[in-house]
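Below is the file data.cif, which contains mmCIF, C-alpha atoms.
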data_data
#
loop_
_atom_site.label_atom_id
_atom_site.label_comp_id
_atom_site.auth_asym_id
_atom_site.auth_seq_id
_atom_site.Cartn_x
_atom_site.Cartn_y
_atom_site.Cartn_z
CA ASP L 1 -143.61 296.78 36.47
CA ALA L 2 -140.14 295.57 37.42
CA ARG L 3 -139.79 291.82 37.18
CA VAL L 4 -137.33 289.08 37.93
CA THR L 5 -136.27 287.54 34.64
CA GLN L 6 -135.29 283.90 34.35
CA THR L 7 -133.91 282.01 31.38
CA PRO L 8 -134.51 279.55 29.92
CA ARG L 9 -138.21 279.05 30.67
CA HIS L 10 -138.00 275.39 29.75
CA LYS L 11 -135.10 272.98 29.47
CA VAL L 12 -135.10 269.34 28.47
CA THR L 13 -131.81 267.48 28.43
CA GLU L 14 -130.32 264.06 29.01
CA MET L 15 -128.86 262.98 32.28
CA GLY L 16 -125.20 263.75 32.67
CA GLN L 17 -125.44 267.04 30.81
CA GLU L 18 -124.61 270.39 32.37
CA VAL L 19 -127.54 272.72 32.97
CA THR L 20 -127.19 276.44 33.56
CA MET L 21 -130.09 278.59 34.68
CA ARG L 22 -129.89 282.37 34.76
CA CYS L 23 -131.66 285.06 36.72
CA GLN L 24 -131.75 288.83 36.45
CA PRO L 25 -133.01 290.28 39.74
CA ILE L 26 -135.08 293.42 40.00
CA LEU L 27 -132.88 296.50 39.78
CA GLY L 28 -132.08 297.76 43.26
CA HIS L 29 -132.75 294.47 45.00
CA ASN L 30 -129.73 293.20 46.93
CA THR L 31 -130.93 289.72 47.89
CA VAL L 32 -131.34 286.81 45.49
CA PHE L 33 -132.80 283.40 46.26
CA TRP L 34 -132.87 280.16 44.31
CA TYR L 35 -135.73 277.73 45.02
CA ARG L 36 -136.67 274.34 43.67
CA GLN L 37 -140.30 273.28 43.60
CA THR L 38 -141.68 269.79 43.16
CA MET L 39 -145.08 268.34 43.89
CA MET L 40 -143.68 266.23 46.69
CA GLN L 41 -141.38 268.72 48.41
CA GLY L 42 -142.97 272.07 47.75
CA LEU L 43 -140.69 275.11 47.70
CA GLU L 44 -137.16 274.30 48.82
CA LEU L 45 -134.55 277.02 49.32
CA LEU L 46 -131.33 276.10 47.54
CA ALA L 47 -129.20 279.23 47.88
CA TYR L 48 -129.32 282.81 49.08
CA PHE L 49 -127.17 285.78 48.16
CA ARG L 50 -126.96 289.20 49.73
CA ASN L 51 -125.00 291.93 48.00
CA ARG L 52 -123.70 289.19 45.66
CA ALA L 53 -122.18 287.22 48.53
CA PRO L 54 -123.45 283.68 49.13
CA LEU L 55 -124.91 283.51 52.63
CA ASP L 56 -126.68 280.20 52.71
CA ASP L 57 -126.46 277.26 50.33
CA SER L 58 -127.18 274.55 52.86
CA GLY L 59 -130.18 273.37 50.88
CA MET L 60 -128.14 272.69 47.79
CA PRO L 61 -126.47 269.36 46.92
CA LYS L 62 -122.87 270.51 46.85
CA ASP L 63 -121.52 267.72 44.72
CA ARG L 64 -123.43 268.71 41.62
CA PHE L 65 -125.00 272.12 42.19
CA SER L 66 -123.30 275.48 42.23
CA ALA L 67 -124.66 279.00 42.48
CA GLU L 68 -122.89 282.21 41.66
CA MET L 69 -123.56 285.88 41.26
CA PRO L 70 -120.91 287.27 38.91
CA ASP L 71 -122.46 290.74 39.02
CA ALA L 72 -125.45 292.52 40.50
CA THR L 73 -127.59 291.85 37.43
CA LEU L 74 -126.94 288.13 37.02
CA ALA L 75 -127.28 285.07 39.21
CA THR L 76 -126.61 281.58 37.91
CA LEU L 77 -127.47 278.10 39.10
CA LYS L 78 -125.58 275.20 37.55
CA ILE L 79 -126.11 271.47 37.76
CA GLN L 80 -123.29 269.22 36.61
CA PRO L 81 -123.85 266.37 36.01
CA SER L 82 -127.64 266.48 35.91
CA GLU L 83 -129.77 263.57 37.08
CA PRO L 84 -133.45 262.70 36.50
CA ARG L 85 -134.22 263.52 40.15
CA ASP L 86 -133.24 267.12 39.43
CA SER L 87 -136.37 267.51 37.31
CA ALA L 88 -138.36 270.33 38.90
CA VAL L 89 -139.25 273.98 38.51
CA TYR L 90 -136.46 276.27 39.62
CA PHE L 91 -137.44 279.74 40.77
CA CYS L 92 -135.31 282.76 41.34
CA ALA L 93 -136.58 285.49 43.66
CA SER L 94 -135.16 288.85 44.63
CA GLY L 95 -135.83 291.32 47.39
CA GLN L 96 -134.29 293.89 49.68
CA THR L 97 -132.49 293.22 52.92
CA GLY L 98 -134.66 292.70 55.95
CA GLY L 99 -136.99 290.07 57.28
CA ASP L 100 -139.90 292.40 56.70
CA GLN L 101 -139.28 292.59 52.99
CA PRO L 102 -141.11 290.35 50.52
CA GLN L 103 -139.50 288.33 47.78
CA HIS L 104 -140.54 288.71 44.18
CA PHE L 105 -140.39 285.63 42.00
CA GLY L 106 -139.41 285.09 38.41
CA ASP L 107 -141.46 282.86 36.12
CA GLY L 108 -139.21 279.89 36.77
CA THR L 109 -137.28 277.38 34.68
CA ARG L 110 -139.06 274.08 34.12
CA LEU L 111 -136.31 271.49 33.96
CA SER L 112 -136.72 267.94 32.71
CA ILE L 113 -133.81 265.52 32.86
CA LEU L 114 -134.36 262.42 30.76
CA GLN N 1 -142.49 270.73 64.05
CA LYS N 2 -142.17 272.69 60.84
CA GLU N 3 -141.56 276.42 61.21
CA VAL N 4 -144.57 277.33 59.08
CA GLU N 5 -147.56 275.00 58.86
CA GLN N 6 -150.48 275.05 56.48
CA ASN N 7 -153.20 272.55 55.75
CA SER N 8 -152.47 271.26 52.28
CA GLY N 9 -156.16 270.99 51.38
CA PRO N 10 -157.75 271.01 48.96
CA LEU N 11 -160.16 273.49 50.48
CA SER N 12 -163.30 273.54 48.40
CA VAL N 13 -165.78 276.42 48.64
CA PRO N 14 -168.72 277.43 46.47
CA GLU N 15 -168.55 280.58 44.40
CA GLY N 16 -169.53 283.62 46.44
CA ALA N 17 -168.58 282.08 49.78
CA ILE N 18 -165.81 283.15 52.13
CA ALA N 19 -162.63 281.11 51.90
CA SER N 20 -160.56 280.95 55.08
CA LEU N 21 -156.92 279.91 54.85
CA ASN N 22 -154.84 279.41 57.96
CA CYS N 23 -151.15 279.36 58.78
CA THR N 24 -149.33 278.76 62.05
CA TYR N 25 -145.72 279.59 62.76
CA SER N 26 -143.27 278.58 65.45
CA ASP N 27 -141.09 281.66 66.01
CA ARG N 28 -142.72 284.07 68.44
CA GLY N 29 -140.32 286.77 67.32
CA SER N 30 -141.68 286.91 63.78
CA GLN N 31 -142.84 290.40 62.91
CA SER N 32 -144.01 290.30 59.30
CA PHE N 33 -146.10 287.84 57.38
CA PHE N 34 -146.76 287.37 53.70
CA TRP N 35 -149.35 285.60 51.61
CA TYR N 36 -148.51 284.44 48.10
CA ARG N 37 -150.86 283.04 45.50
CA GLN N 38 -149.59 280.46 43.02
CA TYR N 39 -151.66 279.40 40.04
CA SER N 40 -150.91 276.01 38.57
CA GLY N 41 -147.83 276.22 36.38
CA LYS N 42 -147.05 279.77 37.47
CA SER N 43 -144.76 281.42 39.98
CA PRO N 44 -145.76 282.60 43.46
CA GLU N 45 -147.22 286.10 43.45
CA LEU N 46 -147.33 288.34 46.53
CA ILE N 47 -150.90 289.30 47.38
CA MET N 48 -150.88 290.46 51.01
CA PHE N 49 -148.56 291.28 53.85
CA ILE N 50 -149.30 292.13 57.47
CA TYR N 51 -147.11 293.39 60.30
CA SER N 52 -149.50 294.26 63.12
CA ASN N 53 -151.99 292.28 65.14
CA GLY N 54 -155.49 292.51 63.84
CA ASP N 55 -156.94 292.71 60.37
CA LYS N 56 -155.69 294.20 57.16
CA GLU N 57 -158.08 294.50 54.25
CA ASP N 58 -157.31 294.83 50.55
CA GLY N 59 -160.30 294.48 48.28
CA ARG N 60 -161.79 291.02 48.75
CA PHE N 61 -158.78 289.88 50.77
CA THR N 62 -158.36 290.23 54.52
CA ALA N 63 -155.26 289.12 56.39
CA GLN N 64 -155.66 288.45 60.09
CA LEU N 65 -152.76 288.21 62.50
CA ASN N 66 -152.76 286.91 66.06
CA LYS N 67 -149.23 286.95 67.41
CA ALA N 68 -150.21 285.58 70.81
CA SER N 69 -151.62 282.46 69.19
CA GLN N 70 -149.01 282.47 66.42
CA TYR N 71 -151.33 282.21 63.51
CA VAL N 72 -152.07 284.26 60.47
CA SER N 73 -155.03 283.76 58.22
CA LEU N 74 -156.25 284.94 54.84
CA LEU N 75 -159.94 285.45 54.16
CA ILE N 76 -161.22 285.74 50.63
CA ARG N 77 -164.71 287.19 50.42
CA ASP N 78 -167.03 286.55 47.49
CA SER N 79 -164.77 283.76 46.25
CA GLN N 80 -164.48 283.43 42.50
CA PRO N 81 -163.38 280.45 40.39
CA SER N 82 -160.39 282.61 39.41
CA ASP N 83 -159.27 282.48 43.06
CA SER N 84 -158.61 278.75 42.66
CA ALA N 85 -154.90 278.42 43.34
CA THR N 86 -152.41 277.39 46.00
CA TYR N 87 -151.89 279.97 48.74
CA LEU N 88 -148.51 280.08 50.44
CA CYS N 89 -147.84 281.65 53.81
CA ALA N 90 -144.32 283.04 54.36
CA VAL N 91 -142.68 284.11 57.60
CA PRO N 92 -139.18 285.51 58.22
CA ASN N 93 -136.79 282.96 59.72
CA ASN N 94 -135.21 283.25 63.15
CA ALA N 95 -132.38 285.39 61.83
CA GLY N 96 -134.81 287.63 60.00
CA ASN N 97 -132.85 287.46 56.77
CA MET N 98 -135.03 285.22 54.64
CA LEU N 99 -138.56 283.91 54.36
CA THR N 100 -139.70 280.45 55.33
CA PHE N 101 -142.61 279.22 53.25
CA GLY N 102 -145.37 276.92 54.33
CA GLY N 103 -146.34 274.02 52.14
CA GLY N 104 -149.35 275.88 50.77
CA THR N 105 -153.09 275.31 50.81
CA ARG N 106 -154.81 274.46 47.58
CA LEU N 107 -158.09 276.33 47.21
CA MET N 108 -160.81 275.27 44.80
CA VAL N 109 -163.75 277.59 44.18
CA LYS N 110 -166.59 275.78 42.46
CA PRO N 111 -169.03 277.65 40.22
#

What would you get if you wrote out this structure as C-alpha coordinates?
Amino acid sequence: DARVTQTPRHKVTEMGQEVTMRCQPILGHNTVFWYRQTMMQGLELLAYFRNRAPLDDSGMPKDRFSAEMPDATLATLKIQPSEPRDSAVYFCASGQTGGDQPQHFGDGTRLSIL
Amino acid sequence: QKEVEQNSGPLSVPEGAIASLNCTYSDRGSQSFFWYRQYSGKSPELIMFIYSNGDKEDGRFTAQLNKASQYVSLLIRDSQPSDSATYLCAVPNNAGNMLTFGGGTRLMVKP
(Lines of atoms letter the chains of each structure in order from A and count residues from 1; the text may use other names and numbers.)
(Lines give C-alpha, C1' and ligand atoms only; values in the text may rest on other atoms or scores of the structure.)
Protein backbone atom coordinates (compact mmCIF):
# COMPACT_ATOMS: atom_id res chain seq x y z
CA ASP A 1 0.00 0.00 0.00
CA ALA A 2 1.18 3.51 -0.80
CA ARG A 3 1.94 5.52 2.31
CA VAL A 4 2.91 9.00 3.35
CA THR A 5 6.39 8.85 4.84
CA GLN A 6 7.52 11.21 7.56
CA THR A 7 10.93 11.62 9.12
CA PRO A 8 12.07 11.70 11.82
CA ARG A 9 9.51 9.75 13.84
CA HIS A 10 10.76 11.27 17.07
CA LYS A 11 12.78 14.37 17.82
CA VAL A 12 13.98 15.69 21.16
CA THR A 13 15.96 18.90 21.21
CA GLU A 14 16.61 21.96 23.32
CA MET A 15 14.77 25.19 22.90
CA GLY A 16 16.33 27.56 20.44
CA GLN A 17 17.44 24.79 18.10
CA GLU A 18 16.25 24.47 14.52
CA VAL A 19 13.94 21.56 13.77
CA THR A 20 13.27 20.23 10.30
CA MET A 21 10.56 17.69 9.59
CA ARG A 22 10.23 15.97 6.24
CA CYS A 23 7.37 14.38 4.37
CA GLN A 24 7.18 12.28 1.23
CA PRO A 25 3.60 12.34 -0.08
CA ILE A 26 1.96 9.44 -1.85
CA LEU A 27 3.02 9.32 -5.49
CA GLY A 28 0.41 11.01 -7.65
CA HIS A 29 -1.08 13.09 -4.86
CA ASN A 30 -0.95 16.81 -5.59
CA THR A 31 -2.05 18.21 -2.22
CA VAL A 32 0.02 18.18 0.95
CA PHE A 33 -1.07 19.26 4.41
CA TRP A 34 0.85 19.85 7.62
CA TYR A 35 -1.04 19.43 10.91
CA ARG A 36 -0.08 19.80 14.54
CA GLN A 37 -1.88 17.76 17.18
CA THR A 38 -1.91 18.33 20.91
CA MET A 39 -4.20 17.05 23.61
CA MET A 40 -5.58 20.52 24.19
CA GLN A 41 -6.03 21.75 20.63
CA GLY A 42 -6.66 18.61 18.64
CA LEU A 43 -5.70 18.65 14.96
CA GLU A 44 -4.66 22.10 13.76
CA LEU A 45 -3.94 22.80 10.10
CA LEU A 46 -0.63 24.61 9.73
CA ALA A 47 -0.07 24.70 5.97
CA TYR A 48 -1.50 23.42 2.71
CA PHE A 49 0.13 22.97 -0.67
CA ARG A 50 -1.40 22.19 -4.02
CA ASN A 51 0.83 21.30 -6.94
CA ARG A 52 3.76 22.40 -4.73
CA ALA A 53 2.36 25.92 -4.33
CA PRO A 54 1.53 27.11 -0.81
CA LEU A 55 -2.17 27.96 -0.69
CA ASP A 56 -2.86 28.43 2.98
CA ASP A 57 -0.47 28.85 5.87
CA SER A 58 -2.70 30.99 8.03
CA GLY A 59 -2.54 28.48 10.86
CA MET A 60 1.21 28.69 11.10
CA PRO A 61 3.17 31.09 13.35
CA LYS A 62 5.05 32.99 10.67
CA ASP A 63 7.84 34.26 12.86
CA ARG A 64 9.30 30.85 13.54
CA PHE A 65 7.65 28.32 11.24
CA SER A 66 8.20 27.83 7.54
CA ALA A 67 6.91 25.24 5.11
CA GLU A 68 8.23 24.45 1.68
CA MET A 69 7.85 21.93 -1.06
CA PRO A 70 11.09 21.89 -3.04
CA ASP A 71 9.83 19.12 -5.30
CA ALA A 72 6.81 16.88 -5.72
CA THR A 73 8.29 14.16 -3.52
CA LEU A 74 9.35 16.28 -0.55
CA ALA A 75 7.64 18.69 1.80
CA THR A 76 9.43 20.26 4.74
CA LEU A 77 8.31 22.02 7.90
CA LYS A 78 10.92 24.00 9.80
CA ILE A 79 10.83 25.62 13.21
CA GLN A 80 13.53 28.14 14.05
CA PRO A 81 14.01 28.88 16.88
CA SER A 82 12.04 26.13 18.59
CA GLU A 83 10.21 26.69 21.86
CA PRO A 84 8.80 24.26 24.46
CA ARG A 85 5.24 25.17 23.38
CA ASP A 86 6.02 23.67 19.98
CA SER A 87 6.08 20.22 21.54
CA ALA A 88 3.40 18.21 19.74
CA VAL A 89 2.88 15.55 17.11
CA TYR A 90 3.23 16.92 13.59
CA PHE A 91 1.39 15.07 10.85
CA CYS A 92 1.77 15.33 7.14
CA ALA A 93 -1.13 14.24 4.93
CA SER A 94 -1.51 14.05 1.17
CA GLY A 95 -4.42 13.73 -1.19
CA GLN A 96 -5.77 14.68 -4.57
CA THR A 97 -7.45 17.92 -5.51
CA GLY A 98 -11.10 18.21 -4.65
CA GLY A 99 -13.21 18.57 -1.55
CA ASP A 100 -14.52 15.07 -2.07
CA GLN A 101 -11.09 13.53 -1.78
CA PRO A 102 -9.80 12.12 1.51
CA GLN A 103 -6.43 12.87 3.03
CA HIS A 104 -4.01 10.12 3.93
CA PHE A 105 -1.81 10.67 6.94
CA GLY A 106 1.78 9.80 7.67
CA ASP A 107 2.82 8.32 11.01
CA GLY A 108 3.78 11.72 12.36
CA THR A 109 6.81 13.28 14.03
CA ARG A 110 6.65 13.41 17.81
CA LEU A 111 8.52 16.55 18.77
CA SER A 112 9.69 17.41 22.26
CA ILE A 113 11.37 20.74 22.94
CA LEU A 114 13.14 20.85 26.29
CA GLN B 1 -19.92 27.90 16.27
CA LYS B 2 -17.26 25.51 15.08
CA GLU B 3 -17.61 24.25 11.53
CA VAL B 4 -17.54 20.60 12.59
CA GLU B 5 -18.73 19.58 16.05
CA GLN B 6 -18.31 16.30 17.86
CA ASN B 7 -18.91 15.29 21.44
CA SER B 8 -15.49 14.68 22.90
CA GLY B 9 -16.69 11.78 25.05
CA PRO B 10 -15.52 9.42 26.27
CA LEU B 11 -18.33 7.27 24.97
CA SER B 12 -18.29 4.00 26.83
CA VAL B 13 -20.11 0.93 25.48
CA PRO B 14 -19.96 -2.73 26.44
CA GLU B 15 -18.45 -5.25 24.07
CA GLY B 16 -20.99 -6.43 21.51
CA ALA B 17 -23.12 -3.29 21.71
CA ILE B 18 -23.71 -0.71 19.01
CA ALA B 19 -21.60 2.43 19.31
CA SER B 20 -23.13 5.57 17.83
CA LEU B 21 -20.88 8.52 17.05
CA ASN B 22 -22.32 11.80 15.87
CA CYS B 23 -21.02 14.83 14.01
CA THR B 24 -22.72 18.06 13.01
CA TYR B 25 -21.46 20.53 10.45
CA SER B 26 -22.29 24.12 9.62
CA ASP B 27 -21.89 24.38 5.83
CA ARG B 28 -25.04 23.25 4.04
CA GLY B 29 -23.08 23.01 0.82
CA SER B 30 -20.86 20.19 2.06
CA GLN B 31 -21.10 17.18 -0.22
CA SER B 32 -18.70 14.59 1.15
CA PHE B 33 -17.97 13.38 4.63
CA PHE B 34 -15.19 11.29 6.09
CA TRP B 35 -14.67 9.30 9.25
CA TYR B 36 -11.16 8.69 10.55
CA ARG B 37 -10.10 6.43 13.39
CA GLN B 38 -7.09 7.35 15.51
CA TYR B 39 -5.61 4.93 17.99
CA SER B 40 -3.64 6.41 20.85
CA GLY B 41 -0.17 7.35 19.65
CA LYS B 42 -1.01 6.66 16.02
CA SER B 43 -2.05 8.71 13.02
CA PRO B 44 -5.62 9.18 11.77
CA GLU B 45 -6.74 6.39 9.46
CA LEU B 46 -9.60 6.76 6.97
CA ILE B 47 -12.32 4.21 7.66
CA MET B 48 -15.46 5.48 5.92
CA PHE B 49 -16.68 8.13 3.55
CA ILE B 50 -20.19 9.02 2.44
CA TYR B 51 -21.50 11.36 -0.24
CA SER B 52 -25.23 10.69 -0.43
CA ASN B 53 -28.07 10.97 2.03
CA GLY B 54 -28.89 7.75 3.74
CA ASP B 55 -26.79 4.87 4.96
CA LYS B 56 -23.57 3.36 3.74
CA GLU B 57 -22.45 0.06 5.19
CA ASP B 58 -18.97 -1.44 5.29
CA GLY B 59 -18.65 -4.51 7.47
CA ARG B 60 -19.49 -3.57 11.04
CA PHE B 61 -19.45 0.13 10.19
CA THR B 62 -22.40 2.15 8.94
CA ALA B 63 -22.19 5.83 8.06
CA GLN B 64 -25.44 7.77 8.07
CA LEU B 65 -25.88 11.14 6.43
CA ASN B 66 -28.72 13.60 6.83
CA LYS B 67 -27.96 16.74 4.85
CA ALA B 68 -31.20 18.46 5.80
CA SER B 69 -30.29 18.23 9.47
CA GLN B 70 -26.57 18.65 8.79
CA TYR B 71 -25.36 15.67 10.69
CA VAL B 72 -23.42 12.58 9.90
CA SER B 73 -23.07 9.61 12.18
CA LEU B 74 -21.01 6.46 12.42
CA LEU B 75 -22.47 3.27 13.86
CA ILE B 76 -20.24 0.44 14.92
CA ARG B 77 -22.08 -2.84 15.37
CA ASP B 78 -20.82 -5.63 17.61
CA SER B 79 -18.28 -3.27 19.18
CA GLN B 80 -14.95 -4.81 20.08
CA PRO B 81 -12.31 -3.61 22.54
CA SER B 82 -10.09 -3.10 19.48
CA ASP B 83 -12.53 -0.40 18.33
CA SER B 84 -11.47 1.73 21.30
CA ALA B 85 -10.01 4.84 19.70
CA THR B 86 -10.80 8.44 18.87
CA TYR B 87 -13.07 8.90 15.86
CA LEU B 88 -12.69 12.08 13.83
CA CYS B 89 -15.30 13.46 11.48
CA ALA B 90 -14.01 15.50 8.52
CA VAL B 91 -15.95 17.76 6.18
CA PRO B 92 -14.72 19.82 3.20
CA ASN B 93 -14.44 23.53 3.96
CA ASN B 94 -16.49 26.23 2.27
CA ALA B 95 -14.08 26.47 -0.64
CA GLY B 96 -14.07 22.71 -1.04
CA ASN B 97 -10.30 22.52 -1.16
CA MET B 98 -9.47 21.04 2.21
CA LEU B 99 -11.00 19.09 5.06
CA THR B 100 -12.08 20.53 8.37
CA PHE B 101 -11.78 18.06 11.21
CA GLY B 102 -13.95 17.83 14.28
CA GLY B 103 -12.34 17.50 17.67
CA GLY B 104 -13.00 13.77 17.76
CA THR B 105 -14.99 11.46 20.00
CA ARG B 106 -13.13 9.04 22.20
CA LEU B 107 -14.76 5.62 22.21
CA MET B 108 -14.11 3.03 24.90
CA VAL B 109 -15.39 -0.50 24.42
CA LYS B 110 -15.30 -2.45 27.65
CA PRO B 111 -14.92 -6.24 27.65

*Output check: residues returned by the PyMOL selection byres ((chain N) within 12 of (chain L)), as JSON, numbers by chain*: {"N": [6, 8, 29, 30, 31, 32, 33, 34, 35, 36, 37, 38, 39, 40, 41, 42, 43, 44, 45, 46, 47, 48, 49, 50, 51, 52, 86, 87, 88, 89, 90, 91, 92, 93, 94, 95, 96, 97, 98, 99, 100, 101, 102, 103, 104, 105]}

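The space between CA of Thr24 in chain N and CA of Glu5 in chain N spans 5.2 Å.
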
*asked:* Just to confirm, what's the straight-line distance from CA of Tyr35 in chain L to CA of Gly59 in chain L in Å (one decimal)?
replied: 9.2 Å

*asked:* What would the selection look like, as a PyMOL selection string, if the PyMOL selection byres ((chain L and resi 64) around 10) were run on the coordinates I just shared?
replied: chain L and resi 18+60-63+65-66+78-83

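Comparing the minimum interatomic distances between Ala63 in chain N and each of N:Tyr25, N:Gly9, N:Ser79, N:Ala19, counting only C-alpha atoms, we find that N:Ala19 sits nearest.
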
*State, in Å with one decimal place, the distance from CA of Pro70 in chain L to CA of Lys11 in chain L.*
22.2 Å

At a cut-off of 8 Å around the point (-125.3, 296.5, 45.1) (file coordinates), what residues fall inside when counting all atoms listed in the file? I'd like the answer as an mmCIF file with C-alpha atoms, in the coordinates of the input.
data_model
loop_
_atom_site.group_PDB
_atom_site.id
_atom_site.type_symbol
_atom_site.label_atom_id
_atom_site.label_comp_id
_atom_site.auth_asym_id
_atom_site.auth_seq_id
_atom_site.Cartn_x
_atom_site.Cartn_y
_atom_site.Cartn_z
ATOM 1 C CA GLY L 28 -132.080 297.760 43.260
ATOM 2 C CA HIS L 29 -132.750 294.470 45.000
ATOM 3 C CA ASN L 30 -129.730 293.200 46.930
ATOM 4 C CA ASN L 51 -125.000 291.930 48.000
ATOM 5 C CA ARG L 52 -123.700 289.190 45.660
ATOM 6 C CA ALA L 72 -125.450 292.520 40.500
#

*Might you pull out every residue within 7 Å of Ser84 in chain N, with only C-alpha atoms counted and same-chain residues fewer than 4 positions away left off, and present them as a PyMOL selection string?*
chain N and resi 107-109

_Since I can't run it myself right now, could you work out what the PyMOL selection byres ((chain N and resi 67-76) around 6) selects here and report it as a PyMOL selection string?_
chain N and resi 18-25+60-66+77+79

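Using all atoms listed in the file, the smallest distance between any of L:Gln6, L:Ser87, L:Thr20, L:Thr13 and Glu68 in chain L comes from L:Thr20.
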
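With distances restricted to only C-alpha atoms, L:Thr109 is the closest residue to Ala88 in chain L from L:Thr109, L:Thr5, L:Gln17, L:Gln24.
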
*Tell me, as a ChimeraX atom specification, which residues lie within 6 Å of Pro84 in chain L, counting only C-alpha atoms; anything in the same chain fewer than 2 positions away does not count.*
/L:86-87,113-114
